[in-house]
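The file structure.cif comes next; it holds mmCIF, C-alpha atoms.
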data_run
loop_
_atom_site.label_atom_id
_atom_site.label_comp_id
_atom_site.auth_asym_id
_atom_site.auth_seq_id
_atom_site.Cartn_x
_atom_site.Cartn_y
_atom_site.Cartn_z
CA MET C 1 -26.09 -38.35 52.18
CA ILE C 2 -25.09 -40.69 49.36
CA VAL C 3 -27.89 -43.05 48.44
CA GLY C 4 -28.66 -45.68 45.82
CA ASP C 5 -26.07 -46.43 43.16
CA ASP C 6 -24.08 -43.31 44.11
CA ALA C 7 -23.17 -45.06 47.37
CA GLN C 8 -20.63 -47.02 45.30
CA ALA C 9 -19.06 -43.83 43.92
CA PRO C 10 -15.49 -42.80 44.80
CA LYS C 11 -15.45 -40.96 48.14
CA LEU C 12 -14.06 -37.56 47.22
CA SER C 13 -12.33 -35.77 50.09
CA PHE C 14 -11.32 -32.51 48.46
CA LEU C 15 -11.93 -30.31 45.45
CA VAL C 16 -9.76 -27.67 43.76
CA GLY C 17 -11.54 -24.96 41.80
CA GLY C 18 -11.71 -21.21 41.44
CA ALA C 19 -11.48 -18.78 38.56
CA PRO C 20 -10.09 -19.97 35.22
CA LYS C 21 -6.62 -18.51 34.60
CA ALA C 22 -5.85 -18.28 38.32
CA ALA C 23 -3.14 -20.97 38.55
CA THR C 24 -5.53 -23.80 39.41
CA THR C 25 -3.72 -26.14 37.01
CA SER C 26 -0.38 -25.33 38.63
CA LEU C 27 -1.86 -25.89 42.08
CA ILE C 28 -3.24 -29.29 41.11
CA GLU C 29 0.14 -30.34 39.73
CA ALA C 30 1.84 -29.11 42.91
CA LEU C 31 -0.49 -31.25 45.06
CA ARG C 32 -0.28 -34.34 42.87
CA PRO C 33 3.09 -35.68 44.21
CA HIS C 34 1.82 -35.76 47.82
CA PRO C 35 1.76 -39.44 48.80
CA ASP C 36 -1.50 -39.09 50.72
CA LEU C 37 -3.42 -37.49 47.86
CA PHE C 38 -4.77 -38.89 44.61
CA ILE C 39 -5.84 -36.70 41.69
CA PRO C 40 -6.81 -38.26 38.33
CA GLU C 41 -4.34 -37.80 35.50
CA ARG C 42 -7.05 -36.36 33.28
CA LYS C 43 -7.23 -32.62 33.73
CA GLU C 44 -10.56 -31.00 34.67
CA LEU C 45 -13.11 -33.79 34.70
CA SER C 46 -15.94 -31.20 34.74
CA PHE C 47 -18.13 -33.98 36.07
CA PHE C 48 -20.46 -31.95 38.29
CA ASP C 49 -21.16 -28.74 36.34
CA GLY C 50 -22.55 -29.99 33.04
CA GLU C 51 -26.17 -30.13 31.97
CA ALA C 52 -26.05 -33.92 32.07
CA GLN C 53 -26.17 -35.54 35.50
CA PRO C 54 -24.37 -38.90 35.13
CA PRO C 55 -24.30 -41.15 38.19
CA ALA C 56 -21.33 -40.54 40.45
CA THR C 57 -20.33 -44.17 39.95
CA ASP C 58 -19.08 -43.09 36.52
CA LEU C 59 -16.18 -41.43 38.35
CA ALA C 60 -14.83 -44.79 39.49
CA PRO C 61 -12.47 -45.47 36.53
CA TYR C 62 -10.61 -42.19 37.14
CA PHE C 63 -9.74 -43.26 40.69
CA ALA C 64 -9.17 -46.97 40.08
CA SER C 65 -5.43 -46.81 40.83
CA ALA C 66 -5.72 -44.85 44.08
CA ALA C 67 -4.24 -46.46 47.18
CA PRO C 68 -6.62 -47.19 50.08
CA HIS C 69 -4.97 -44.60 52.36
CA GLN C 70 -5.06 -41.74 49.83
CA ARG C 71 -7.56 -38.89 49.94
CA LEU C 72 -9.32 -38.54 46.59
CA GLY C 73 -9.63 -35.17 44.91
CA GLU C 74 -10.66 -33.50 41.69
CA GLY C 75 -9.82 -30.15 40.11
CA THR C 76 -12.05 -28.13 37.77
CA PRO C 77 -11.89 -24.31 37.95
CA TRP C 78 -15.42 -23.80 36.59
CA TYR C 79 -17.06 -25.50 39.57
CA MET C 80 -16.88 -22.31 41.64
CA SER C 81 -19.10 -20.28 39.28
CA SER C 82 -21.35 -23.18 38.30
CA PRO C 83 -25.02 -22.73 39.26
CA THR C 84 -25.41 -26.47 39.91
CA ALA C 85 -22.08 -28.01 41.00
CA ALA C 86 -22.19 -26.92 44.64
CA GLU C 87 -25.62 -28.40 45.30
CA ARG C 88 -24.80 -31.74 43.72
CA LEU C 89 -21.43 -32.03 45.45
CA ALA C 90 -22.99 -31.15 48.80
CA SER C 91 -25.59 -33.89 48.39
CA LEU C 92 -22.93 -36.47 47.54
CA TYR C 93 -20.03 -35.35 49.72
CA PRO C 94 -21.25 -33.28 52.68
CA HIS C 95 -17.81 -33.39 54.33
CA LEU C 96 -15.92 -32.25 51.21
CA ARG C 97 -12.98 -29.87 51.65
CA VAL C 98 -13.01 -27.16 48.99
CA VAL C 99 -10.09 -25.00 47.81
CA PHE C 100 -10.77 -22.04 45.53
CA VAL C 101 -8.09 -19.87 43.92
CA VAL C 102 -9.13 -16.34 42.96
CA ARG C 103 -7.24 -13.65 41.07
CA GLU C 104 -7.63 -9.91 40.67
CA PRO C 105 -10.67 -9.84 38.31
CA VAL C 106 -9.34 -7.46 35.63
CA ALA C 107 -6.01 -9.25 35.26
CA ARG C 108 -7.80 -12.59 35.26
CA ALA C 109 -10.24 -11.51 32.54
CA ARG C 110 -7.46 -10.11 30.35
CA SER C 111 -5.44 -13.32 30.71
CA HIS C 112 -8.50 -15.44 29.87
CA TYR C 113 -9.20 -13.35 26.79
CA LEU C 114 -5.60 -13.70 25.54
CA HIS C 115 -5.73 -17.42 26.30
CA ARG C 116 -8.78 -17.91 24.10
CA LEU C 117 -7.42 -15.61 21.42
CA SER C 118 -4.13 -17.50 21.24
CA ARG C 119 -5.99 -20.81 20.99
CA HIS C 120 -8.37 -19.51 18.32
CA SER C 121 -11.56 -19.90 20.34
CA GLU C 122 -12.26 -16.15 20.25
CA TYR C 123 -12.07 -13.62 17.42
CA ARG C 124 -14.04 -10.67 18.82
CA SER C 125 -12.27 -7.68 20.33
CA LEU C 126 -12.07 -7.46 24.11
CA GLU C 127 -14.57 -4.58 24.05
CA GLU C 128 -17.03 -6.61 21.99
CA VAL C 129 -16.85 -9.55 24.37
CA LEU C 130 -17.35 -7.32 27.42
CA ASP C 131 -20.33 -5.53 25.84
CA SER C 132 -21.94 -8.84 24.93
CA GLU C 133 -21.44 -10.32 28.39
CA LEU C 134 -22.72 -7.19 30.16
CA GLU C 135 -25.86 -7.29 28.05
CA ASP C 136 -26.36 -11.00 28.80
CA LEU C 137 -25.90 -10.44 32.54
CA VAL C 138 -28.35 -7.54 32.63
CA GLU C 139 -30.92 -9.51 30.66
CA GLY C 140 -30.35 -12.64 32.76
CA ARG C 141 -29.48 -14.84 29.80
CA TRP C 142 -25.86 -15.68 30.56
CA GLU C 143 -24.67 -19.26 30.05
CA HIS C 144 -22.24 -21.15 32.26
CA ARG C 145 -18.76 -21.23 30.65
CA ARG C 146 -19.95 -19.03 27.76
CA SER C 147 -19.73 -15.85 29.85
CA TYR C 148 -16.03 -16.19 30.59
CA LEU C 149 -14.79 -12.65 31.28
CA ILE C 150 -17.11 -11.10 33.86
CA ARG C 151 -19.11 -13.75 35.71
CA PRO C 152 -16.19 -15.97 36.82
CA GLY C 153 -14.79 -12.93 38.64
CA LEU C 154 -17.92 -12.30 40.74
CA TYR C 155 -16.28 -14.11 43.63
CA ALA C 156 -18.50 -12.91 46.48
CA SER C 157 -21.68 -14.30 44.95
CA HIS C 158 -20.02 -17.63 44.11
CA VAL C 159 -18.53 -18.14 47.56
CA GLU C 160 -21.85 -17.15 49.16
CA LEU C 161 -23.55 -19.98 47.24
CA TRP C 162 -20.98 -22.51 48.46
CA HIS C 163 -21.19 -21.21 52.03
CA GLY C 164 -24.91 -21.87 51.91
CA LEU C 165 -24.25 -25.57 51.27
CA PHE C 166 -20.96 -26.17 53.10
CA SER C 167 -19.72 -24.75 56.37
CA PRO C 168 -17.27 -21.83 56.01
CA GLU C 169 -14.57 -24.04 57.57
CA GLN C 170 -14.86 -26.41 54.60
CA VAL C 171 -14.20 -23.71 51.96
CA LEU C 172 -10.71 -22.23 51.73
CA VAL C 173 -10.24 -19.25 49.40
CA VAL C 174 -6.63 -18.69 48.29
CA LEU C 175 -5.32 -15.61 46.51
CA PHE C 176 -3.47 -16.13 43.24
CA GLU C 177 -0.93 -13.54 44.36
CA ASP C 178 -0.19 -15.46 47.59
CA LEU C 179 0.20 -18.70 45.65
CA ILE C 180 2.73 -17.06 43.31
CA GLU C 181 4.67 -15.05 45.90
CA ASP C 182 4.72 -17.68 48.66
CA PRO C 183 4.01 -21.06 47.06
CA GLY C 184 5.55 -23.06 49.92
CA GLY C 185 3.55 -21.42 52.68
CA THR C 186 0.34 -21.41 50.63
CA LEU C 187 0.72 -25.08 49.74
CA ARG C 188 1.17 -25.96 53.40
CA THR C 189 -2.00 -24.03 54.27
CA ILE C 190 -3.89 -25.94 51.58
CA GLN C 191 -2.53 -29.30 52.73
CA ARG C 192 -3.55 -28.51 56.31
CA HIS C 193 -7.04 -27.59 55.10
CA ILE C 194 -7.36 -30.86 53.16
CA GLY C 195 -6.17 -32.79 56.21
CA VAL C 196 -2.86 -34.32 55.15
CA PRO C 197 0.67 -33.88 56.53
CA GLN C 198 2.33 -30.71 55.31
CA ARG C 199 5.14 -31.21 52.80
CA ASP C 200 7.30 -28.83 50.85
CA GLY C 201 6.29 -28.51 47.23
CA VAL C 202 7.11 -26.68 44.03
CA LEU C 203 4.57 -24.73 42.01
CA PRO C 204 5.10 -25.66 38.33
CA ARG C 205 4.31 -23.28 35.51
CA GLU C 206 1.37 -24.86 33.74
CA ASN C 207 -1.10 -23.68 31.08
CA GLU C 208 0.60 -20.33 30.50
CA THR C 209 -0.91 -17.57 28.40
CA HIS C 210 1.64 -15.92 26.12
CA GLN C 211 1.56 -12.23 25.30
CA LEU C 212 0.89 -11.51 21.62
CA ARG C 213 2.71 -9.04 19.37
CA GLY C 214 -0.61 -7.94 17.96
CA SER C 215 -4.16 -8.89 18.79
CA VAL C 216 -5.26 -8.18 15.19
CA VAL C 217 -3.25 -11.15 13.92
CA GLY C 218 -4.65 -13.36 16.67
CA ARG C 219 -8.22 -12.27 15.97
CA THR C 220 -7.78 -12.78 12.23
CA LEU C 221 -6.44 -16.30 12.73
CA SER C 222 -9.25 -17.10 15.16
CA ARG C 223 -11.87 -15.87 12.72
CA LEU C 224 -10.39 -18.06 9.99
CA VAL C 225 -10.45 -21.08 12.31
CA LEU C 226 -13.94 -20.51 13.71
CA THR C 227 -15.88 -19.40 10.65
CA ASP C 228 -16.82 -21.38 7.56
CA THR C 229 -16.39 -19.53 4.26
CA GLN C 230 -16.19 -20.52 0.62
CA ALA C 231 -12.63 -19.18 0.38
CA LYS C 232 -11.59 -21.26 3.37
CA ARG C 233 -13.02 -24.42 1.83
CA VAL C 234 -11.19 -23.75 -1.44
CA VAL C 235 -7.87 -23.27 0.38
CA GLN C 236 -8.43 -26.49 2.32
CA GLN C 237 -9.07 -28.39 -0.92
CA LEU C 238 -6.00 -27.00 -2.69
CA THR C 239 -3.47 -27.02 0.16
CA PRO C 240 -2.11 -30.18 1.82
CA GLN C 241 -2.89 -30.52 5.53
CA ALA C 242 0.81 -30.56 6.44
CA VAL C 243 1.35 -27.19 4.71
CA ARG C 244 -1.67 -25.65 6.44
CA THR C 245 -0.51 -26.93 9.82
CA TRP C 246 3.04 -25.61 9.34
CA THR C 247 1.77 -22.20 8.22
CA HIS C 248 -0.61 -21.93 11.14
CA ARG C 249 2.04 -22.87 13.72
CA THR C 250 4.59 -20.50 12.20
CA ILE C 251 2.22 -17.53 12.32
CA VAL C 252 1.24 -18.31 15.90
CA ARG C 253 4.90 -18.56 16.92
CA LEU C 254 5.87 -15.33 15.20
CA ASN C 255 2.95 -13.52 16.81
CA ARG C 256 4.18 -14.28 20.31
CA SER C 257 6.00 -11.46 22.04
CA ARG C 258 9.79 -11.49 21.84
CA ALA C 259 9.84 -10.72 25.55
CA ARG C 260 8.14 -14.09 26.08
CA LYS C 261 6.26 -12.50 28.97
CA SER C 262 3.57 -14.81 30.22
CA ASP C 263 1.08 -15.14 33.04
CA LEU C 264 1.05 -18.20 35.25
CA ILE C 265 -2.43 -19.63 34.76
#
Could you rewrite the structure in this file as structure tokens?
Amino acid sequence: MIVGDDAQAPKLSFLVGGAPKAATTSLIEALRPHPDLFIPERKELSFFDGEAQPPATDLAPYFASAAPHQRLGEGTPWYMSSPTAAERLASLYPHLRVVFVVREPVARARSHYLHRLSRHSEYRSLEEVLDSELEDLVEGRWEHRRSYLIRPGLYASHVELWHGLFSPEQVLVVLFEDLIEDPGGTLRTIQRHIGVPQRDGVLPRENETHQLRGSVVGRTLSRLVLTDTQAKRVVQQLTPQAVRTWTHRTIVRLNRSRARKSDLI
């Protein structure tokens, strides 16, 4: 039950989450045009899974332009694997309708690794990341969002947590493969679960992960971006920002596969 100041918070009706790199962004964009739904323009508010616990009234500005008849929703993939989001959402919105998208764990992990590599937020090899995460899981010292390859794919344990706080009828689990192969039918199932009239929709390609020609180039660029060295500082002092930006973008573009094969994420 909502009490105190949180009683003035936006009344969320539905939530879209799941595993990162499982087409959650595309699903949110496919639902956005529905006239009876309102989803904030800002992607992934991540309001309920952080260490800080701001009052739910802080959500109000994101939903200020919603029409009175619209059902309010939010989409953040990391909510599903969060150790705290389910409990807080259940206390605020006991009648919430939840939609999770899950993807075959190995393909999902590989796509997430390439995504971070291409965006220079990872420079370790895939084997090094897996070894580190396995050790953290065994020792019980994993951190939410930091362990991004293995733990997000432990779907059974995540869904079990949510089923302990919401009724099974409130939590719909959708397969990534069904969403890709039959977007129209899957979207209608999701709309029915949320409780709005079913409409045809198109699944846009959003937040794609591009294949790389070589992971070594990607890892080298990531290491340069993420680490602070004397050589890097000298180059930054001697080279104009525009030249550094052009060089970086050119190398990233050339390192993408000619086949332009990508995964819908």
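With distances restricted to only C-alpha atoms, C:Pro20 is the closest residue to Arg145 of chain C from C:Pro168, C:Pro20, C:Pro10, C:Gly185.
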(message) Quick check, in Å to one decimal: how far apart do atom CA of Pro105 of chain C and atom CA of Leu179 of chain C lie?
(response) 15.8 Å
If we count all atoms listed in the file and set the cut-off at 9 Å, which residues sit around Leu31 of chain C, ignoring sequence neighbours fewer than 5 positions away in its own chain? Please answer as an mmCIF file with C-alpha atoms, in the frame of the given file.
data_model
loop_
_atom_site.group_PDB
_atom_site.id
_atom_site.type_symbol
_atom_site.label_atom_id
_atom_site.label_comp_id
_atom_site.auth_asym_id
_atom_site.auth_seq_id
_atom_site.Cartn_x
_atom_site.Cartn_y
_atom_site.Cartn_z
ATOM 1 C CA SER C 26 -0.380 -25.330 38.630
ATOM 2 C CA LEU C 37 -3.420 -37.490 47.860
ATOM 3 C CA PHE C 38 -4.770 -38.890 44.610
ATOM 4 C CA ILE C 39 -5.840 -36.700 41.690
ATOM 5 C CA LEU C 187 0.720 -25.080 49.740
ATOM 6 C CA GLN C 191 -2.530 -29.300 52.730
ATOM 7 C CA GLY C 201 6.290 -28.510 47.230
ATOM 8 C CA VAL C 202 7.110 -26.680 44.030
ATOM 9 C CA LEU C 203 4.570 -24.730 42.010
#
(message) To test your reading of the syntax: which residues would the PyMOL selection byres ((chain C and resi 158-163) around 12) return for the file shown? Reply as JSON, numbers by chain.
(response) {"C": [17, 18, 19, 78, 79, 80, 81, 82, 83, 84, 85, 86, 87, 88, 89, 90, 94, 96, 97, 98, 99, 100, 101, 102, 151, 152, 153, 154, 155, 156, 157, 164, 165, 166, 167, 168, 169, 170, 171, 172, 173, 174]}
Take the residues that were just selected and, keeping C-alpha atoms, output them as a PDB file, in the coordinates of the input.
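Below is the file that was written, out39.pdb:
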ATOM      1  CA  GLY C  17     -11.540 -24.960  41.800  1.00  0.00           C
ATOM      2  CA  GLY C  18     -11.710 -21.210  41.440  1.00  0.00           C
ATOM      3  CA  ALA C  19     -11.480 -18.780  38.560  1.00  0.00           C
ATOM      4  CA  TRP C  78     -15.420 -23.800  36.590  1.00  0.00           C
ATOM      5  CA  TYR C  79     -17.060 -25.500  39.570  1.00  0.00           C
ATOM      6  CA  MET C  80     -16.880 -22.310  41.640  1.00  0.00           C
ATOM      7  CA  SER C  81     -19.100 -20.280  39.280  1.00  0.00           C
ATOM      8  CA  SER C  82     -21.350 -23.180  38.300  1.00  0.00           C
ATOM      9  CA  PRO C  83     -25.020 -22.730  39.260  1.00  0.00           C
ATOM     10  CA  THR C  84     -25.410 -26.470  39.910  1.00  0.00           C
ATOM     11  CA  ALA C  85     -22.080 -28.010  41.000  1.00  0.00           C
ATOM     12  CA  ALA C  86     -22.190 -26.920  44.640  1.00  0.00           C
ATOM     13  CA  GLU C  87     -25.620 -28.400  45.300  1.00  0.00           C
ATOM     14  CA  ARG C  88     -24.800 -31.740  43.720  1.00  0.00           C
ATOM     15  CA  LEU C  89     -21.430 -32.030  45.450  1.00  0.00           C
ATOM     16  CA  ALA C  90     -22.990 -31.150  48.800  1.00  0.00           C
ATOM     17  CA  PRO C  94     -21.250 -33.280  52.680  1.00  0.00           C
ATOM     18  CA  LEU C  96     -15.920 -32.250  51.210  1.00  0.00           C
ATOM     19  CA  ARG C  97     -12.980 -29.870  51.650  1.00  0.00           C
ATOM     20  CA  VAL C  98     -13.010 -27.160  48.990  1.00  0.00           C
ATOM     21  CA  VAL C  99     -10.090 -25.000  47.810  1.00  0.00           C
ATOM     22  CA  PHE C 100     -10.770 -22.040  45.530  1.00  0.00           C
ATOM     23  CA  VAL C 101      -8.090 -19.870  43.920  1.00  0.00           C
ATOM     24  CA  VAL C 102      -9.130 -16.340  42.960  1.00  0.00           C
ATOM     25  CA  ARG C 151     -19.110 -13.750  35.710  1.00  0.00           C
ATOM     26  CA  PRO C 152     -16.190 -15.970  36.820  1.00  0.00           C
ATOM     27  CA  GLY C 153     -14.790 -12.930  38.640  1.00  0.00           C
ATOM     28  CA  LEU C 154     -17.920 -12.300  40.740  1.00  0.00           C
ATOM     29  CA  TYR C 155     -16.280 -14.110  43.630  1.00  0.00           C
ATOM     30  CA  ALA C 156     -18.500 -12.910  46.480  1.00  0.00           C
ATOM     31  CA  SER C 157     -21.680 -14.300  44.950  1.00  0.00           C
ATOM     32  CA  GLY C 164     -24.910 -21.870  51.910  1.00  0.00           C
ATOM     33  CA  LEU C 165     -24.250 -25.570  51.270  1.00  0.00           C
ATOM     34  CA  PHE C 166     -20.960 -26.170  53.100  1.00  0.00           C
ATOM     35  CA  SER C 167     -19.720 -24.750  56.370  1.00  0.00           C
ATOM     36  CA  PRO C 168     -17.270 -21.830  56.010  1.00  0.00           C
ATOM     37  CA  GLU C 169     -14.570 -24.040  57.570  1.00  0.00           C
ATOM     38  CA  GLN C 170     -14.860 -26.410  54.600  1.00  0.00           C
ATOM     39  CA  VAL C 171     -14.200 -23.710  51.960  1.00  0.00           C
ATOM     40  CA  LEU C 172     -10.710 -22.230  51.730  1.00  0.00           C
ATOM     41  CA  VAL C 173     -10.240 -19.250  49.400  1.00  0.00           C
ATOM     42  CA  VAL C 174      -6.630 -18.690  48.290  1.00  0.00           C
TER      43      VAL C 174
END
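With only C-alpha atoms as the atoms that count, the residue of C:Ser65, C:Thr76, C:Thr24, C:Thr57 with the shortest distance to Leu45 of chain C is C:Thr76.
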(request) Quick one: pull the distance between atom CA of Arg32 of chain C and atom CA of Glu74 of chain C, Å, one decimal. (result) 10.5 Å
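Closest to Val129 of chain C among C:Arg146, C:His34, C:Arg141, C:His115 is C:Arg146, based on only C-alpha atoms.
Counting all atoms listed in the file, the residue from C:Ala52, C:Ala109, C:Leu149, C:Ala60 that sits nearest to Leu134 of chain C is C:Leu149.
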(request) Go ahead and compute the interatomic distance for atom CA of Ala23 of chain C and atom CA of Ser46 of chain C, in Å to one decimal. (result) 16.8 Å
Residues picked by the PyMOL selection byres ((chain C and resi 59) around 10) here, as a short mmCIF file (atom, residue, chain, number, x, y, z; two decimals) with C-alpha atoms, in the coordinates of the input?
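Below is the file that was written, expr_23.cif:
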data_model
loop_
_atom_site.label_atom_id
_atom_site.label_comp_id
_atom_site.auth_asym_id
_atom_site.auth_seq_id
_atom_site.Cartn_x
_atom_site.Cartn_y
_atom_site.Cartn_z
CA ASP C 6 -24.08 -43.31 44.11
CA GLN C 8 -20.63 -47.02 45.30
CA ALA C 9 -19.06 -43.83 43.92
CA PRO C 10 -15.49 -42.80 44.80
CA LYS C 11 -15.45 -40.96 48.14
CA LEU C 12 -14.06 -37.56 47.22
CA PRO C 40 -6.81 -38.26 38.33
CA LEU C 45 -13.11 -33.79 34.70
CA PHE C 47 -18.13 -33.98 36.07
CA PRO C 54 -24.37 -38.90 35.13
CA PRO C 55 -24.30 -41.15 38.19
CA ALA C 56 -21.33 -40.54 40.45
CA THR C 57 -20.33 -44.17 39.95
CA ASP C 58 -19.08 -43.09 36.52
CA ALA C 60 -14.83 -44.79 39.49
CA PRO C 61 -12.47 -45.47 36.53
CA TYR C 62 -10.61 -42.19 37.14
CA PHE C 63 -9.74 -43.26 40.69
CA ALA C 64 -9.17 -46.97 40.08
#
